$ cat target06.cif   # mmCIF, C-alpha atoms, pLDDT in the B column; chains and numbers go by the auth columns
data_upload
loop_
_atom_site.group_PDB
_atom_site.id
_atom_site.type_symbol
_atom_site.label_atom_id
_atom_site.label_comp_id
_atom_site.label_asym_id
_atom_site.label_seq_id
_atom_site.Cartn_x
_atom_site.Cartn_y
_atom_site.Cartn_z
_atom_site.B_iso_or_equiv
_atom_site.auth_seq_id
_atom_site.auth_asym_id
ATOM 1 C CA MET A 1 13.311 2.508 0.680 41.00 1 A
ATOM 2 C CA ASP A 2 14.799 0.423 -2.120 48.00 2 A
ATOM 3 C CA LYS A 3 11.961 -2.096 -1.885 51.00 3 A
ATOM 4 C CA SER A 4 9.426 0.735 -1.919 50.00 4 A
ATOM 5 C CA GLY A 5 10.952 2.006 -5.131 54.00 5 A
ATOM 6 C CA LYS A 6 10.662 -1.461 -6.644 56.00 6 A
ATOM 7 C CA LEU A 7 7.024 -1.627 -5.547 56.00 7 A
ATOM 8 C CA LEU A 8 6.217 1.661 -7.232 52.00 8 A
ATOM 9 C CA ASP A 9 7.942 0.535 -10.429 55.00 9 A
ATOM 10 C CA LYS A 10 5.924 -2.692 -10.372 53.00 10 A
ATOM 11 C CA ILE A 11 2.665 -0.848 -9.853 54.00 11 A
ATOM 12 C CA ASN A 12 3.465 1.629 -12.598 53.00 12 A
ATOM 13 C CA ASN A 13 4.235 -1.237 -14.966 54.00 13 A
ATOM 14 C CA SER A 14 0.843 -2.790 -14.227 60.00 14 A
ATOM 15 C CA GLY A 15 -0.837 0.244 -15.734 63.00 15 A
ATOM 16 C CA ARG A 16 -2.497 1.343 -12.509 66.00 16 A
ATOM 17 C CA ARG A 17 -2.105 5.018 -11.737 68.00 17 A
ATOM 18 C CA ILE A 18 -0.722 5.776 -8.290 70.00 18 A
ATOM 19 C CA GLN A 19 -2.595 8.578 -6.567 73.00 19 A
ATOM 20 C CA HIS A 20 -0.718 8.680 -3.256 77.00 20 A
ATOM 21 C CA HIS A 21 2.939 7.673 -3.674 79.00 21 A
ATOM 22 C CA GLU A 22 3.905 8.404 -0.060 83.00 22 A
ATOM 23 C CA LEU A 23 0.912 6.466 1.251 84.00 23 A
ATOM 24 C CA GLU A 24 1.772 3.397 -0.805 81.00 24 A
ATOM 25 C CA GLU A 25 5.419 3.557 0.288 84.00 25 A
ATOM 26 C CA GLU A 26 4.441 3.676 3.969 84.00 26 A
ATOM 27 C CA VAL A 27 1.837 0.939 3.561 83.00 27 A
ATOM 28 C CA TYR A 28 4.396 -1.258 1.788 83.00 28 A
ATOM 29 C CA LYS A 29 6.885 -0.859 4.640 83.00 29 A
ATOM 30 C CA ARG A 30 4.248 -1.858 7.161 82.00 30 A
ATOM 31 C CA TYR A 31 2.897 -4.560 4.840 80.00 31 A
ATOM 32 C CA GLU A 32 6.220 -6.378 4.856 81.00 32 A
ATOM 33 C CA ASP A 33 6.275 -6.382 8.659 79.00 33 A
ATOM 34 C CA ARG A 34 2.675 -7.575 8.863 75.00 34 A
ATOM 35 C CA GLN A 35 3.270 -10.343 6.322 75.00 35 A
ATOM 36 C CA LYS A 36 6.066 -11.659 8.488 71.00 36 A
ATOM 37 C CA ALA A 37 3.665 -11.672 11.441 69.00 37 A
ATOM 38 C CA SER A 38 0.694 -12.950 9.345 67.00 38 A
ATOM 39 C CA LYS A 39 -1.471 -9.906 10.139 70.00 39 A
ATOM 40 C CA PRO A 40 -4.177 -8.430 7.837 76.00 40 A
ATOM 41 C CA THR A 41 -3.343 -5.524 5.521 78.00 41 A
ATOM 42 C CA ARG A 42 -6.584 -3.642 4.835 85.00 42 A
ATOM 43 C CA HIS A 43 -7.146 -2.031 8.241 84.00 43 A
ATOM 44 C CA MET A 44 -3.491 -1.049 8.497 83.00 44 A
ATOM 45 C CA ALA A 45 -3.637 0.648 5.085 87.00 45 A
ATOM 46 C CA ILE A 46 -6.739 2.606 6.103 90.00 46 A
ATOM 47 C CA ALA A 47 -5.016 3.664 9.338 90.00 47 A
ATOM 48 C CA VAL A 48 -1.951 4.898 7.410 89.00 48 A
ATOM 49 C CA ALA A 49 -4.203 6.912 5.096 91.00 49 A
ATOM 50 C CA ALA A 50 -5.944 8.493 8.095 93.00 50 A
ATOM 51 C CA GLU A 51 -2.590 9.331 9.717 92.00 51 A
ATOM 52 C CA ARG A 52 -1.549 11.104 6.515 91.00 52 A
ATOM 53 C CA GLY A 53 -4.853 12.951 6.147 94.00 53 A
ATOM 54 C CA VAL A 54 -5.829 11.116 2.945 91.00 54 A
ATOM 55 C CA THR A 55 -9.602 11.128 2.565 90.00 55 A
ATOM 56 C CA GLY A 56 -11.728 8.795 0.485 89.00 56 A
ATOM 57 C CA PHE A 57 -9.224 5.922 0.640 88.00 57 A
ATOM 58 C CA GLU A 58 -10.998 2.614 1.252 86.00 58 A
ATOM 59 C CA ALA A 59 -8.343 -0.080 0.641 86.00 59 A
ATOM 60 C CA SER A 60 -10.857 -2.151 -1.305 86.00 60 A
ATOM 61 C CA LYS A 61 -10.332 -5.861 -1.867 84.00 61 A
ATOM 62 C CA GLY A 62 -9.223 -5.017 -5.404 84.00 62 A
ATOM 63 C CA TRP A 63 -6.673 -2.501 -4.113 81.00 63 A
ATOM 64 C CA VAL A 64 -5.339 -4.975 -1.552 80.00 64 A
ATOM 65 C CA GLY A 65 -5.125 -7.695 -4.211 80.00 65 A
ATOM 66 C CA ASP A 66 -3.236 -5.405 -6.599 82.00 66 A
ATOM 67 C CA PHE A 67 -1.012 -4.218 -3.773 75.00 67 A
ATOM 68 C CA ARG A 68 -0.024 -7.767 -2.825 74.00 68 A
ATOM 69 C CA GLN A 69 1.054 -8.610 -6.368 73.00 69 A
#
$ encode --input "target06.cif" --output "structure tokens"
Amino acid sequence: MDKSGKLLDKINNSGRRIQHHELEEEVYKRYEDRQKASKPTRHMAIAVAAERGVTGFEASKGWVGDFRQ
């Protein structure tokens, strides 16, 4: 959870408004695991959004790029 908090601080400092804090925290947890296994992020992020009932979330290339920074 500590790393998720750091992620949210970093995103907030970039000036991008976070619409779904819980979604980004969950995606970040899974992102770390997938990075270790060299697996793609976009489809996983969309799946997490669907699990949480978030509609209209597309995990665009821009979102993924911002998320990785």
$ atom_distance --input "target06.cif" --atom1 "CA of Glu58 (chain A)" --atom2 "CA of Lys36 (chain A)"
23.4 Å
$ resolve_selection --input "target06.cif" --expression "the PyMOL selection byres ((chain A and resi 64) around 12)" --output "list in words"
Glu24, Val27, Tyr28, Tyr31, Pro40, Thr41, Arg42, His43, Met44, Ala45, Ile46, Phe57, Glu58, Ala59, Ser60, Lys61, Gly62, Trp63, Gly65, Asp66, Phe67, Arg68 and Gln69 of chain A
$ write_last_selection --input "target06.cif" --atoms "C-alpha atoms" --output "PDB file, in the frame of the given file"
ATOM      1  CA  GLU A  24       1.772   3.397  -0.805  1.00 81.00           C
ATOM      2  CA  VAL A  27       1.837   0.939   3.561  1.00 83.00           C
ATOM      3  CA  TYR A  28       4.396  -1.258   1.788  1.00 83.00           C
ATOM      4  CA  TYR A  31       2.897  -4.560   4.840  1.00 80.00           C
ATOM      5  CA  PRO A  40      -4.177  -8.430   7.837  1.00 76.00           C
ATOM      6  CA  THR A  41      -3.343  -5.524   5.521  1.00 78.00           C
ATOM      7  CA  ARG A  42      -6.584  -3.642   4.835  1.00 85.00           C
ATOM      8  CA  HIS A  43      -7.146  -2.031   8.241  1.00 84.00           C
ATOM      9  CA  MET A  44      -3.491  -1.049   8.497  1.00 83.00           C
ATOM     10  CA  ALA A  45      -3.637   0.648   5.085  1.00 87.00           C
ATOM     11  CA  ILE A  46      -6.739   2.606   6.103  1.00 90.00           C
ATOM     12  CA  PHE A  57      -9.224   5.922   0.640  1.00 88.00           C
ATOM     13  CA  GLU A  58     -10.998   2.614   1.252  1.00 86.00           C
ATOM     14  CA  ALA A  59      -8.343  -0.080   0.641  1.00 86.00           C
ATOM     15  CA  SER A  60     -10.857  -2.151  -1.305  1.00 86.00           C
ATOM     16  CA  LYS A  61     -10.332  -5.861  -1.867  1.00 84.00           C
ATOM     17  CA  GLY A  62      -9.223  -5.017  -5.404  1.00 84.00           C
ATOM     18  CA  TRP A  63      -6.673  -2.501  -4.113  1.00 81.00           C
ATOM     19  CA  GLY A  65      -5.125  -7.695  -4.211  1.00 80.00           C
ATOM     20  CA  ASP A  66      -3.236  -5.405  -6.599  1.00 82.00           C
ATOM     21  CA  PHE A  67      -1.012  -4.218  -3.773  1.00 75.00           C
ATOM     22  CA  ARG A  68      -0.024  -7.767  -2.825  1.00 74.00           C
ATOM     23  CA  GLN A  69       1.054  -8.610  -6.368  1.00 73.00           C
TER      24      GLN A  69
END
$ atom_distance --input "target06.cif" --atom1 "CA of His20 (chain A)" --atom2 "CA of Glu51 (chain A)"
13.1 Å
$ atom_distance --input "target06.cif" --atom1 "CA of Leu23 (chain A)" --atom2 "CA of Val54 (chain A)"
8.4 Å
$ decode --input "target06.cif" --residues "region 18-39 of chain A" --atoms "C-alpha atoms" --output "PDB file, in the first residue's frame"
ATOM      1  CA  ILE A  18      -7.124  11.077 -10.705  1.00  0.00           C
ATOM      2  CA  GLN A  19     -10.693   9.981 -11.331  1.00  0.00           C
ATOM      3  CA  HIS A  20     -10.581   6.491  -9.813  1.00  0.00           C
ATOM      4  CA  HIS A  21      -8.119   6.295  -6.904  1.00  0.00           C
ATOM      5  CA  GLU A  22      -8.993   2.705  -5.965  1.00  0.00           C
ATOM      6  CA  LEU A  23      -8.692   1.567  -9.577  1.00  0.00           C
ATOM      7  CA  GLU A  24      -5.239   3.091  -9.956  1.00  0.00           C
ATOM      8  CA  GLU A  25      -4.084   1.556  -6.666  1.00  0.00           C
ATOM      9  CA  GLU A  26      -5.210  -1.920  -7.747  1.00  0.00           C
ATOM     10  CA  VAL A  27      -3.743  -1.519 -11.229  1.00  0.00           C
ATOM     11  CA  TYR A  28      -0.430  -0.388  -9.723  1.00  0.00           C
ATOM     12  CA  LYS A  29      -0.258  -3.470  -7.496  1.00  0.00           C
ATOM     13  CA  ARG A  30      -0.859  -5.727 -10.472  1.00  0.00           C
ATOM     14  CA  TYR A  31       1.410  -3.606 -12.677  1.00  0.00           C
ATOM     15  CA  GLU A  32       4.390  -4.288 -10.442  1.00  0.00           C
ATOM     16  CA  ASP A  33       3.774  -8.035 -10.649  1.00  0.00           C
ATOM     17  CA  ARG A  34       3.347  -7.911 -14.421  1.00  0.00           C
ATOM     18  CA  GLN A  35       6.503  -5.838 -14.880  1.00  0.00           C
ATOM     19  CA  LYS A  36       8.456  -8.500 -13.053  1.00  0.00           C
ATOM     20  CA  ALA A  37       6.993 -11.090 -15.428  1.00  0.00           C
ATOM     21  CA  SER A  38       7.286  -8.799 -18.513  1.00  0.00           C
ATOM     22  CA  LYS A  39       3.539  -8.912 -19.239  1.00  0.00           C
TER      23      LYS A  39
END
